[in-house]
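S.K.: Starting off with a structure, shown below.
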2 protein chains.
Amino acid sequence: MNLKKYTDYSLRVLIFTGLKHGEERARIKEISDVYNISQEHVRKVVHDLVKRGLVESTRGRGGGIRLAKPANEINIGMLVRELEQDFVLLECFDQGVNHCVISPGCSLKHIINKALGAFFKVLEEYTLEDLIHNEEELKTLMGMDTGDRKQ
Amino acid sequence: MNLKKYTDYSLRVLIFTGLKHGEERARIKEISDVYNISQEHVRKVVHDLVKRGLVESTRGRGGGIRLAKPANEINIGMLVRELEQDFVLLECFDQGVNHCVISPGCSLKHIINKALGAFFKVLEEYTLEDLIHNEEELKTLMGMDTGDRKQ
DNA sequence: TTAAAAGGTGTATTTTGAATACATCTTTAT
DNA sequence: ATAAAGATGTATTCAAAATACACCTTTTAA
């Protein structure tokens with residue numbers, strides 16, 4: 001059982017971006033440096049987040065990305081749901097592939113579904129804001145605490 | 001997000017086995033036939049369940065497997081936990097691999113862990129007995145309803 | 001007006017782990 | 001003895017994720 005690294009990266013990109021305020025923008029290069037993830041991956045993730053309407057980007061010199069909406073409107077549960085798309089926890093979750101004869105009378109899928117629901121219910125109680133509430137600590141960890149990162 | 005097929009298979013093997021009573025035993029061949037899973041895989045799964053002490057097997061003619069303890073003592077949550085072993089939902093779940101700089105101050109892992117806890121809490125409310133409560137229906141679906149499957 | 005900085009996009013390759021298959025051994029009832 | 005049943009280790013296949021590469025477009029400051 002796992003989530004995709006992609007999901008992990010996306011969340012981290014949002015955390016980083018959420019620490020920028022006003023006209024400040026996060027650059028792919030910065031994000032790539034802070035997390036030690038290749039620019040290529042960050043690019044992909046960012047592009048995807050733009051398509052989903054979670055961040056907005058500006059091209060060209062002085063460009064970068066910033067959140068497309070307030071951090072407290074970005075729900076973690078919904079985010080993870082979107083990023084992970086398919087939840088085929090059991091063969092029978094995917095009609096069309098399923099050929100388990102007992103699935104019509106099998107309670108397992110209901111139980112697993114209920115558990116999955118509980119999983120997301122918890123995630124849905126949080127927003128990006130909860131992930132960046134300790135802004136100063138995070139900035140320190142990222143080496144953004146000096147305030148002069150003009151490169 | 002997904003579970004291993006292996007986990008799915010294991011649960012199904014247990015369901016089938018749980019439908020046998022008294023001195024009746026389930027044979028790998030039977031299980032393989034009912035679910036249309038190759039004997040090779042069933043073999044692996046069964047072997048694993050034996051090692052985990054969930055079923056006991058008898059070799060030789062007239063052999064087969066049966067539950068090693070009452071169905072209501074086989075907890076679904078514990079089972080899934082065991083079968084899925086590693087839950088590295090985020091990079092930072094695996095110290096040793098993790099190199100995310102913000103992990104010491106990152107709330108995400110706590111949230112995900114809480115959600116995972118909720119997932120298992122639901123599963124832990126059920127035992128194998130709950131999965132075979134509709135014994136007759138399951139037997140019918142499996143083509144075991146005639147009562148004479150002596151092959 | 002052009003060069004550099006920034007993101008956009010498609011495709012290719014690598015890696016990993018699950019899924020599957022094969023071969024051969026051991027045990028035991030008849 | 002032998003056939004039925006499980007035990008076990010290894011090898012192969014396959015798919016998906018992870019990663020890398022190449023090149024395009026937009027913007028703006030010099």
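If you're wondering about the labels, chains in the structure tokens are A, B, ... by order shown, residues count from 1 in each chain, ligands from 1 in order shown.
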Considering only C-alpha atoms (C1' of nucleotides), return as a list in words whatever protein or nucleic-acid residues lie within 10 Å of A:Glu82, sequence-local ones (same chain, fewer than 4 positions apart) excluded.
M.R.: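 Final neighbour list, sorted by chain and number: Thr7, Arg52, Ile76, Gly77, Met78 and Asp86 of chain A.
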S.K.: For the selection just defined, write its residues with all heavy atoms to a file, as a PDB file, in the first residue's frame.
M.R.:
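New file out_35.pdb:
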ATOM      1  N   THR A   7       2.456  12.167  -5.970  1.00  0.00           N
ATOM      2  CA  THR A   7       1.555  12.789  -5.009  1.00  0.00           C
ATOM      3  C   THR A   7       2.361  13.497  -3.925  1.00  0.00           C
ATOM      4  O   THR A   7       2.064  14.643  -3.557  1.00  0.00           O
ATOM      5  CB  THR A   7       0.659  11.712  -4.376  1.00  0.00           C
ATOM      6  OG1 THR A   7      -0.064  11.064  -5.417  1.00  0.00           O
ATOM      7  CG2 THR A   7      -0.300  12.313  -3.378  1.00  0.00           C
ATOM      8  N   ARG A  52      -4.666  21.609 -13.106  1.00  0.00           N
ATOM      9  CA  ARG A  52      -5.733  21.358 -12.141  1.00  0.00           C
ATOM     10  C   ARG A  52      -6.231  22.646 -11.491  1.00  0.00           C
ATOM     11  O   ARG A  52      -7.085  22.609 -10.609  1.00  0.00           O
ATOM     12  CB  ARG A  52      -5.245  20.411 -11.051  1.00  0.00           C
ATOM     13  CG  ARG A  52      -4.955  19.016 -11.548  1.00  0.00           C
ATOM     14  CD  ARG A  52      -4.455  18.140 -10.411  1.00  0.00           C
ATOM     15  NE  ARG A  52      -3.860  16.921 -10.933  1.00  0.00           N
ATOM     16  CZ  ARG A  52      -4.546  15.867 -11.354  1.00  0.00           C
ATOM     17  NH1 ARG A  52      -5.852  15.877 -11.287  1.00  0.00           N
ATOM     18  NH2 ARG A  52      -3.923  14.801 -11.819  1.00  0.00           N
ATOM     19  N   ILE A  76      -6.769  18.845   1.417  1.00  0.00           N
ATOM     20  CA  ILE A  76      -5.814  17.743   1.247  1.00  0.00           C
ATOM     21  C   ILE A  76      -6.495  16.475   0.746  1.00  0.00           C
ATOM     22  O   ILE A  76      -5.976  15.766  -0.120  1.00  0.00           O
ATOM     23  CB  ILE A  76      -5.090  17.443   2.579  1.00  0.00           C
ATOM     24  CG1 ILE A  76      -4.417  18.706   3.122  1.00  0.00           C
ATOM     25  CG2 ILE A  76      -4.050  16.347   2.383  1.00  0.00           C
ATOM     26  CD1 ILE A  76      -3.423  19.332   2.176  1.00  0.00           C
ATOM     27  N   GLY A  77      -7.662  16.199   1.270  1.00  0.00           N
ATOM     28  CA  GLY A  77      -8.374  14.993   0.842  1.00  0.00           C
ATOM     29  C   GLY A  77      -8.698  15.025  -0.634  1.00  0.00           C
ATOM     30  O   GLY A  77      -8.412  14.088  -1.374  1.00  0.00           O
ATOM     31  N   MET A  78      -9.262  16.141  -1.064  1.00  0.00           N
ATOM     32  CA  MET A  78      -9.606  16.253  -2.479  1.00  0.00           C
ATOM     33  C   MET A  78      -8.374  16.175  -3.360  1.00  0.00           C
ATOM     34  O   MET A  78      -8.384  15.588  -4.440  1.00  0.00           O
ATOM     35  CB  MET A  78     -10.337  17.568  -2.729  1.00  0.00           C
ATOM     36  CG  MET A  78     -11.778  17.543  -2.243  1.00  0.00           C
ATOM     37  SD  MET A  78     -12.543  19.175  -2.358  1.00  0.00           S
ATOM     38  CE  MET A  78     -12.148  19.608  -4.066  1.00  0.00           C
ATOM     39  N   ASP A  86      -6.863   6.314  -9.611  1.00  0.00           N
ATOM     40  CA  ASP A  86      -7.593   5.055  -9.483  1.00  0.00           C
ATOM     41  C   ASP A  86      -7.310   4.257  -8.217  1.00  0.00           C
ATOM     42  O   ASP A  86      -6.189   4.038  -7.823  1.00  0.00           O
ATOM     43  CB  ASP A  86      -7.451   4.164 -10.716  1.00  0.00           C
ATOM     44  CG  ASP A  86      -6.020   4.035 -11.160  1.00  0.00           C
ATOM     45  OD1 ASP A  86      -5.144   3.830 -10.290  1.00  0.00           O
ATOM     46  OD2 ASP A  86      -5.786   4.166 -12.354  1.00  0.00           O
TER      47      ASP A  86
END
S.K.: Find the residues around stretch 135-143 of chain A up to 12 Å (only C-alpha atoms (C1' of nucleotides) counted), leave out those fewer than 4 positions away in its own chain, and share them as a PyMOL selection string.
M.R.: (chain A and resi 12+15-21+30-36+128-131+147-149) or (chain B and resi 100-107)
S.K.: Name all residues at most 8 Å from stretch 9-22 of chain D (count only C-alpha atoms (C1' of nucleotides); drop same-chain ones fewer than 3 positions away) and give them as number ranges by chain.
M.R.: A: 4, 40-41; C: 12-15, 19-22
S.K.: In chain A, what's strand (DSSP E) per DSSP? Answer as JSON, numbers by chain?
M.R.: {"A": [55, 56, 57, 58, 64, 65, 66, 67]}
S.K.: Print the selection's residues with N, CA, C and O atoms to a file, as an mmCIF file, in the first residue's frame.
M.R.:
data_model
loop_
_atom_site.group_PDB
_atom_site.id
_atom_site.type_symbol
_atom_site.label_atom_id
_atom_site.label_comp_id
_atom_site.auth_asym_id
_atom_site.auth_seq_id
_atom_site.Cartn_x
_atom_site.Cartn_y
_atom_site.Cartn_z
ATOM 1 N N VAL A 55 -2.366 26.035 -8.966
ATOM 2 C CA VAL A 55 -1.382 27.115 -8.965
ATOM 3 C C VAL A 55 -1.485 27.831 -10.300
ATOM 4 O O VAL A 55 -1.985 27.272 -11.273
ATOM 5 N N GLU A 56 -1.010 29.068 -10.311
ATOM 6 C CA GLU A 56 -0.976 29.769 -11.587
ATOM 7 C C GLU A 56 0.465 30.169 -11.869
ATOM 8 O O GLU A 56 1.228 30.491 -10.958
ATOM 9 N N SER A 57 0.824 30.093 -13.128
ATOM 10 C CA SER A 57 2.222 30.337 -13.466
ATOM 11 C C SER A 57 2.374 31.542 -14.376
ATOM 12 O O SER A 57 1.462 31.914 -15.100
ATOM 13 N N THR A 58 3.525 32.160 -14.279
ATOM 14 C CA THR A 58 3.855 33.272 -15.165
ATOM 15 C C THR A 58 5.163 32.907 -15.845
ATOM 16 O O THR A 58 6.117 32.511 -15.175
ATOM 17 N N GLY A 64 7.241 32.580 -12.466
ATOM 18 C CA GLY A 64 7.234 31.586 -11.399
ATOM 19 C C GLY A 64 5.793 31.183 -11.136
ATOM 20 O O GLY A 64 4.908 31.490 -11.929
ATOM 21 N N ILE A 65 5.590 30.516 -10.032
ATOM 22 C CA ILE A 65 4.228 30.073 -9.728
ATOM 23 C C ILE A 65 3.775 30.570 -8.362
ATOM 24 O O ILE A 65 4.579 30.878 -7.491
ATOM 25 N N ARG A 66 2.483 30.662 -8.210
ATOM 26 C CA ARG A 66 1.921 30.945 -6.887
ATOM 27 C C ARG A 66 0.564 30.247 -6.805
ATOM 28 O O ARG A 66 0.005 29.814 -7.830
ATOM 29 N N LEU A 67 0.049 30.142 -5.596
ATOM 30 C CA LEU A 67 -1.222 29.446 -5.413
ATOM 31 C C LEU A 67 -2.321 30.175 -6.187
ATOM 32 O O LEU A 67 -2.353 31.403 -6.228
#
S.K.: For chain D, report every residue with an atom at most 9 Å from chain B (counting only C-alpha atoms (C1' of nucleotides)), formatted as an mmCIF file with C-alpha atoms (C1' of nucleotides), in the first residue's frame.
M.R.:
data_model
loop_
_atom_site.group_PDB
_atom_site.id
_atom_site.type_symbol
_atom_site.label_atom_id
_atom_site.label_comp_id
_atom_site.auth_asym_id
_atom_site.auth_seq_id
_atom_site.Cartn_x
_atom_site.Cartn_y
_atom_site.Cartn_z
ATOM 1 C "C1'" DA D 3 -0.381 -41.195 -6.776
ATOM 2 C "C1'" DA D 4 -2.177 -37.211 -4.532
ATOM 3 C "C1'" DA D 5 -1.289 -33.382 -2.140
ATOM 4 C "C1'" DG D 6 1.491 -29.640 -0.485
ATOM 5 C "C1'" DA D 7 6.649 -27.160 -0.139
#
S.K.: Taking a cut-off of 6 Å and counting only C-alpha atoms (C1' of nucleotides), can you build a table that, for each residue of chain C near chain B, reports the nearest atom pair and how far apart they are in Å (one decimal), sorted by chain then residue number, as CSV?
M.R.:
residue,atom,partner,partner_atom,distance
C:DT27,C1',B:Arg59,CA,5.8
C:DT28,C1',B:Gly60,CA,4.5
C:DA29,C1',B:Arg61,CA,5.4
S.K.: Just the number, please: distance in Å from atom CA of B:Leu3 to atom CA of A:Phe87, one decimal.
M.R.: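 So the answer is 9.0 Å.
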S.K.: Could you give me, as a list in words, the residues within 12 Å of B:Leu116, counting only C-alpha atoms (C1' of nucleotides) and dropping anything in the same chain fewer than 4 positions from it?
M.R.: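 Near B:Leu116, the qualifying residues are Met1, Asn2, Leu3, Ala115, Leu116, Gly117, Ala118, Phe119, Phe120, Lys121, Val122 and Leu123 of chain A; Gly77, Arg81, Phe87, Val88, Leu89, Leu90, Lys109, His110, Ile111, Ile112, Phe120, Lys121, Val122 and Leu123 of chain B.
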S.K.: Just checking: using only C-alpha atoms, which residue out of B:Asp48, B:Glu84, B:Glu23, B:Glu73 ends up closest to chain A?
M.R.: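 Among the listed residues, B:Glu84 lies closest to chain A.
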S.K.: For chain B, which of A:Ile132, A:Leu54, A:Leu49, A:Leu14 is the closest residue, counting only C-alpha atoms?
M.R.: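 Of all the options, A:Ile132 lies closest to chain B.
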S.K.: Just to confirm, what's the straight-line distance from atom CA of A:Val50 to atom CA of A:Ala68 in Å (one decimal)?
M.R.: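 Value for the atom CA of A:Val50-atom CA of A:Ala68 distance: 8.5 Å.
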S.K.: Quote the spacing between atom CA of A:Gly53 and atom C1' of C:DT9 in Å to one decimal place.
M.R.: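 It comes out at 17.6 Å.
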S.K.: List every residue of stretch 6-149 of chain A that DSSP, applied to the backbone, labels as helix (DSSP H, G or I), and write the result as a ChimeraX atom specification.
M.R.: /A:6-18,28-35,39-51,71-73,76-84,91-93,103-105,108-123,128-131,135-141
